[in-house]
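A.B. asks: Below you'll find my_file-v9.txt; it's compact mmCIF, C-alpha atoms.
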# COMPACT_ATOMS: atom_id res chain seq x y z
CA MET A 230 -95.51 16.24 67.17
CA SER A 231 -95.23 13.41 64.65
CA ILE A 232 -92.38 13.08 62.13
CA PRO A 233 -93.07 10.81 59.13
CA LEU A 234 -90.48 8.73 57.32
CA GLY A 235 -88.87 10.20 54.24
CA LYS A 236 -88.44 13.72 55.61
CA LEU A 237 -85.50 15.97 56.43
CA VAL A 238 -86.54 17.82 59.57
CA VAL A 239 -84.64 20.79 60.97
CA VAL A 240 -84.94 21.74 64.64
CA THR A 241 -83.86 25.28 65.46
CA GLY A 242 -84.06 27.74 68.33
CA PRO A 243 -81.87 29.72 70.73
CA ASN A 244 -79.26 28.17 73.03
CA GLY A 245 -80.91 26.32 75.88
CA ALA A 246 -84.19 25.89 73.99
CA GLY A 247 -84.14 22.12 74.51
CA LYS A 248 -83.08 20.96 71.05
CA THR A 249 -80.50 18.41 72.21
CA THR A 250 -82.83 17.25 74.97
CA LEU A 251 -85.52 16.66 72.33
CA ILE A 252 -83.19 14.49 70.22
CA GLU A 253 -81.97 12.47 73.21
CA THR A 254 -85.56 11.96 74.35
CA CYS A 255 -86.53 10.76 70.87
CA LEU A 256 -83.69 8.22 71.04
CA GLY A 257 -84.73 7.03 74.48
CA LEU A 258 -81.47 8.19 76.06
CA LEU A 259 -83.61 10.44 78.26
CA LYS A 260 -87.01 9.29 79.47
CA PRO A 261 -90.04 11.59 79.36
CA VAL A 262 -91.31 12.83 82.72
CA LYS A 263 -94.80 12.92 81.27
CA GLY A 264 -96.38 12.05 77.97
CA VAL A 265 -95.28 9.38 75.52
CA VAL A 266 -92.38 9.34 73.08
CA LYS A 267 -92.20 6.70 70.35
CA LEU A 268 -89.33 5.92 68.02
CA LEU A 269 -90.35 3.97 64.91
CA GLY A 270 -93.59 3.17 66.73
CA VAL A 271 -91.95 1.83 69.91
CA ASP A 272 -92.34 3.50 73.30
CA THR A 273 -88.90 4.76 74.33
CA ARG A 274 -89.52 3.59 77.91
CA SER A 275 -89.84 -0.05 76.86
CA ARG A 276 -86.96 -2.53 76.81
CA SER A 277 -87.45 -2.96 73.06
CA ILE A 278 -86.06 0.52 72.46
CA VAL A 279 -82.51 -0.88 72.64
CA LYS A 280 -83.19 -2.94 69.48
CA ILE A 281 -84.98 -0.06 67.75
CA ARG A 282 -82.07 2.28 68.50
CA LYS A 283 -79.86 0.02 66.38
CA LEU A 284 -81.91 1.17 63.39
CA CYS A 285 -80.84 4.76 64.08
CA SER A 286 -77.66 6.81 63.98
CA TYR A 287 -76.76 9.78 66.17
CA VAL A 288 -74.00 12.35 65.75
CA PRO A 289 -73.86 14.40 68.98
CA GLN A 290 -72.38 17.85 69.45
CA ASP A 291 -69.48 16.57 71.55
CA PHE A 292 -67.85 14.36 68.93
CA MET A 293 -64.23 15.60 69.22
CA ARG A 294 -61.58 13.00 69.94
CA PRO A 295 -58.35 13.80 71.85
CA PRO A 296 -55.00 14.04 70.01
CA HIS A 297 -53.78 10.72 71.43
CA ASP A 298 -56.73 8.75 70.00
CA HIS A 299 -54.96 6.37 67.61
CA TYR A 300 -57.94 4.84 65.78
CA THR A 301 -57.81 5.69 62.09
CA ALA A 302 -60.68 7.49 60.39
CA TYR A 303 -61.41 4.24 58.53
CA GLN A 304 -61.67 2.30 61.80
CA VAL A 305 -63.96 4.93 63.32
CA ILE A 306 -66.30 4.79 60.32
CA SER A 307 -66.27 0.98 60.31
CA MET A 308 -67.43 1.00 63.95
CA GLY A 309 -70.78 2.10 62.55
CA LEU A 310 -71.17 -1.37 61.06
CA ALA A 311 -70.02 -3.30 64.13
CA SER A 312 -73.41 -3.63 65.81
CA LEU A 313 -75.25 -4.59 62.64
CA GLY A 314 -73.56 -7.89 61.77
CA GLY A 315 -74.17 -9.87 58.61
CA TYR A 316 -71.92 -7.75 56.39
CA SER A 317 -68.88 -9.15 54.68
CA HIS A 318 -65.61 -7.25 54.85
CA GLY A 319 -65.88 -6.39 51.17
CA ASP A 320 -69.37 -4.93 51.51
CA GLY A 321 -68.25 -2.76 54.40
CA ASP A 322 -65.13 -1.60 52.58
CA GLY A 323 -67.14 -0.57 49.55
CA ARG A 324 -69.71 1.28 51.58
CA ILE A 325 -67.06 3.13 53.60
CA ALA A 326 -65.17 4.10 50.43
CA ALA A 327 -68.35 5.43 48.80
CA ILE A 328 -69.42 7.62 51.71
CA ALA A 329 -65.86 8.84 52.29
CA LYS A 330 -65.65 9.92 48.65
CA LYS A 331 -69.03 11.62 48.86
CA LEU A 332 -67.90 13.67 51.87
CA GLY A 333 -64.43 14.33 50.44
CA ILE A 334 -62.52 12.53 53.19
CA GLU A 335 -61.12 9.55 51.26
CA GLU A 336 -57.56 10.83 51.77
CA LEU A 337 -58.07 10.90 55.54
CA LEU A 338 -59.03 7.26 56.02
CA ASP A 339 -55.57 6.08 57.12
CA LYS A 340 -54.96 9.01 59.47
CA PRO A 341 -55.51 8.85 63.27
CA ILE A 342 -58.80 10.49 64.19
CA GLY A 343 -57.14 12.51 66.96
CA MET A 344 -54.81 14.20 64.47
CA LEU A 345 -57.63 15.51 62.27
CA SER A 346 -59.11 18.99 62.50
CA GLY A 347 -62.52 19.54 64.06
CA GLY A 348 -64.22 19.77 60.68
CA GLU A 349 -62.50 16.63 59.41
CA GLN A 350 -63.50 14.72 62.53
CA GLN A 351 -67.08 15.90 62.16
CA LYS A 352 -67.20 14.58 58.59
CA VAL A 353 -65.80 11.23 59.78
CA PHE A 354 -68.54 10.87 62.39
CA ILE A 355 -71.21 11.85 59.87
CA ALA A 356 -69.79 9.15 57.59
CA ARG A 357 -69.96 6.64 60.45
CA ALA A 358 -73.62 7.54 61.00
CA LEU A 359 -74.51 7.19 57.30
CA VAL A 360 -72.59 3.96 56.68
CA ARG A 361 -75.04 2.20 59.01
CA MET A 362 -77.87 3.05 56.58
CA PRO A 363 -80.17 4.04 59.47
CA LYS A 364 -83.92 4.41 59.31
CA VAL A 365 -83.62 7.58 61.38
CA LEU A 366 -80.56 9.83 61.41
CA PHE A 367 -80.12 12.33 64.25
CA LEU A 368 -77.56 15.11 63.76
CA ASP A 369 -76.89 17.67 66.50
CA GLU A 370 -75.31 20.84 65.04
CA PRO A 371 -73.56 19.00 62.16
CA PHE A 372 -72.16 22.26 60.74
CA SER A 373 -70.52 23.45 63.96
CA CYS A 374 -66.93 22.80 62.82
CA ILE A 375 -67.52 22.66 59.07
CA ASP A 376 -66.30 25.40 56.75
CA SER A 377 -68.98 27.24 54.78
CA GLY A 378 -67.99 25.54 51.53
CA SER A 379 -68.67 22.05 52.92
CA ARG A 380 -71.93 22.77 54.72
CA ARG A 381 -74.05 22.53 51.60
CA LEU A 382 -72.27 19.29 50.65
CA ILE A 383 -73.21 17.73 53.98
CA ALA A 384 -76.79 19.00 53.72
CA GLU A 385 -77.13 17.59 50.20
CA THR A 386 -75.58 14.26 51.24
CA VAL A 387 -78.11 13.88 54.06
CA TYR A 388 -80.96 14.97 51.78
CA GLU A 389 -79.97 12.45 49.09
CA TYR A 390 -79.75 9.69 51.69
CA VAL A 391 -83.24 10.50 52.97
CA GLU A 392 -84.68 10.67 49.45
CA ARG A 393 -82.99 7.48 48.25
CA GLY A 394 -83.51 5.35 51.33
CA GLY A 395 -86.92 6.49 52.52
CA ALA A 396 -85.29 7.35 55.84
CA THR A 397 -85.79 10.33 58.12
CA ALA A 398 -83.19 12.84 59.25
CA VAL A 399 -83.68 15.09 62.27
CA MET A 400 -81.08 17.82 62.26
CA VAL A 401 -80.52 20.42 64.98
CA SER A 402 -78.99 23.52 63.46
CA HIS A 403 -78.64 27.24 64.04
CA GLU A 404 -77.39 27.53 60.47
CA LEU A 405 -80.33 27.20 58.07
CA SER A 406 -78.90 28.54 54.82
CA PRO A 407 -77.20 25.25 53.76
CA LEU A 408 -80.57 23.52 54.12
CA ARG A 409 -82.54 25.91 51.93
CA GLY A 410 -84.65 23.95 49.47
CA LEU A 411 -83.75 20.61 51.10
CA ALA A 412 -85.55 20.48 54.46
CA SER A 413 -89.20 19.40 54.49
CA VAL A 414 -90.14 20.49 58.01
CA LEU A 415 -88.90 23.25 60.29
CA VAL A 416 -89.43 22.86 64.04
CA LYS A 417 -88.82 25.90 66.22
CA MET A 418 -88.18 25.50 69.94
CA ASP A 419 -87.98 27.97 72.79
CA SER A 420 -87.71 27.45 76.56
CA GLY A 421 -88.11 23.69 76.31
CA ARG A 422 -91.19 23.80 74.09
CA VAL A 423 -91.99 23.31 70.45
CA VAL A 424 -93.43 26.68 69.48
CA GLU A 425 -93.85 26.20 65.73
CA ILE A 426 -93.90 23.39 63.16
CA ARG A 427 -93.82 24.50 59.57
CA GLY A 428 -93.68 22.64 56.28
CA LEU A 429 -91.18 24.08 53.82
What does the file become when written as structure tokens?
C.D. replies:
Amino acid sequence: MSIPLGKLVVVTGPNGAGKTTLIETCLGLLKPVKGVVKLLGVDTRSRSIVKIRKLCSYVPQDFMRPPHDHYTAYQVISMGLASLGGYSHGDGDGRIAAIAKKLGIEELLDKPIGMLSGGEQQKVFIARALVRMPKVLFLDEPFSCIDSGSRRLIAETVYEYVERGGATAVMVSHELSPLRGLASVLVKMDSGRVVEIRGL
């Protein structure tokens, strides 16, 4: 399977199909037992993958922070810029404000992340992923805690980012309706295998 830049790709399939394993293998967090996996042209088993991974963002399923976590939503989002360097405080502030407004979380920026609801936290971590302006964005079940009214907003935000930035988004999701008319490629998995790849 080869995923070109500039596409919003949805990976779907039943529980245990291997969707999360596929994403973590693409990122080089898991190494392939056989075959070759490349991320932006670099073999994920090479040492160079650490540098390439900095060009990517990943929002995992297990994003929830405990109630005692005192970092504010703003601080959590700004952590997305920490590893990039070269950005002035003003640039970062503007970028954070813009993505927070887009996702409707601007009023949450001064609140501790641990005090936010699951859906609010999920939006904060999606904002952190986008503020990095990654070449490849990996999202594992990004609608899991999001109310139905906000799912389309998130899907459209990711789509617009892909279209505007020439980036790629790989999104694992059981919920396909928010992505209707936005996704370019649908990948179906079952029992650890890709069983279908379909252009939409």
A.B. asks: From the list A:Val401, A:Met362, A:Leu411, A:Met344, which residue is nearest Leu284 (chain A) when using all atoms listed in the file?
C.D. replies: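 Closest to Leu284 (chain A) of all the choices is A:Met362.
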A.B. asks: For Ala398 (chain A), list every protein, DNA or RNA residue within 12 Å, evaluated using all atoms listed in the file, and leave out those in the same chain fewer than 6 positions away; present the list as a PDB file with C-alpha atoms, in the coordinates of the input.
C.D. replies:
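Dumped everything to part.pdb:
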ATOM      1  CA  ILE A 232     -92.380  13.080  62.130  1.00  0.00           C
ATOM      2  CA  PRO A 233     -93.070  10.810  59.130  1.00  0.00           C
ATOM      3  CA  LEU A 234     -90.480   8.730  57.320  1.00  0.00           C
ATOM      4  CA  GLY A 235     -88.870  10.200  54.240  1.00  0.00           C
ATOM      5  CA  LYS A 236     -88.440  13.720  55.610  1.00  0.00           C
ATOM      6  CA  LEU A 237     -85.500  15.970  56.430  1.00  0.00           C
ATOM      7  CA  VAL A 238     -86.540  17.820  59.570  1.00  0.00           C
ATOM      8  CA  VAL A 239     -84.640  20.790  60.970  1.00  0.00           C
ATOM      9  CA  VAL A 240     -84.940  21.740  64.640  1.00  0.00           C
ATOM     10  CA  ILE A 252     -83.190  14.490  70.220  1.00  0.00           C
ATOM     11  CA  CYS A 285     -80.840   4.760  64.080  1.00  0.00           C
ATOM     12  CA  SER A 286     -77.660   6.810  63.980  1.00  0.00           C
ATOM     13  CA  TYR A 287     -76.760   9.780  66.170  1.00  0.00           C
ATOM     14  CA  VAL A 288     -74.000  12.350  65.750  1.00  0.00           C
ATOM     15  CA  ALA A 358     -73.620   7.540  61.000  1.00  0.00           C
ATOM     16  CA  LEU A 359     -74.510   7.190  57.300  1.00  0.00           C
ATOM     17  CA  MET A 362     -77.870   3.050  56.580  1.00  0.00           C
ATOM     18  CA  PRO A 363     -80.170   4.040  59.470  1.00  0.00           C
ATOM     19  CA  LYS A 364     -83.920   4.410  59.310  1.00  0.00           C
ATOM     20  CA  VAL A 365     -83.620   7.580  61.380  1.00  0.00           C
ATOM     21  CA  LEU A 366     -80.560   9.830  61.410  1.00  0.00           C
ATOM     22  CA  PHE A 367     -80.120  12.330  64.250  1.00  0.00           C
ATOM     23  CA  LEU A 368     -77.560  15.110  63.760  1.00  0.00           C
ATOM     24  CA  ASP A 369     -76.890  17.670  66.500  1.00  0.00           C
ATOM     25  CA  PRO A 371     -73.560  19.000  62.160  1.00  0.00           C
ATOM     26  CA  ALA A 384     -76.790  19.000  53.720  1.00  0.00           C
ATOM     27  CA  GLU A 385     -77.130  17.590  50.200  1.00  0.00           C
ATOM     28  CA  THR A 386     -75.580  14.260  51.240  1.00  0.00           C
ATOM     29  CA  VAL A 387     -78.110  13.880  54.060  1.00  0.00           C
ATOM     30  CA  TYR A 388     -80.960  14.970  51.780  1.00  0.00           C
ATOM     31  CA  GLU A 389     -79.970  12.450  49.090  1.00  0.00           C
ATOM     32  CA  TYR A 390     -79.750   9.690  51.690  1.00  0.00           C
ATOM     33  CA  VAL A 391     -83.240  10.500  52.970  1.00  0.00           C
ATOM     34  CA  GLU A 392     -84.680  10.670  49.450  1.00  0.00           C
ATOM     35  CA  LEU A 411     -83.750  20.610  51.100  1.00  0.00           C
ATOM     36  CA  ALA A 412     -85.550  20.480  54.460  1.00  0.00           C
ATOM     37  CA  SER A 413     -89.200  19.400  54.490  1.00  0.00           C
ATOM     38  CA  VAL A 414     -90.140  20.490  58.010  1.00  0.00           C
ATOM     39  CA  LEU A 415     -88.900  23.250  60.290  1.00  0.00           C
TER      40      LEU A 415
END
A.B. asks: Report, in Å to a single decimal, how far apart CA of Ser275 (chain A) and CA of Pro261 (chain A) are.
C.D. replies: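 One can read the CA of Pro261 (chain A) to CA of Ser275 (chain A) distance as 11.9 Å.
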A.B. asks: What does the distance between CA of Val416 (chain A) and CA of Val271 (chain A) come to in Å, to one decimal place?
C.D. replies: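 The value is 22.0 Å.
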A.B. asks: What is the CA of Asp376 (chain A)-CA of Ser420 (chain A) distance in Å, reported with one decimal?
C.D. replies: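 CA of Asp376 (chain A) sits 29.2 Å away from CA of Ser420 (chain A).
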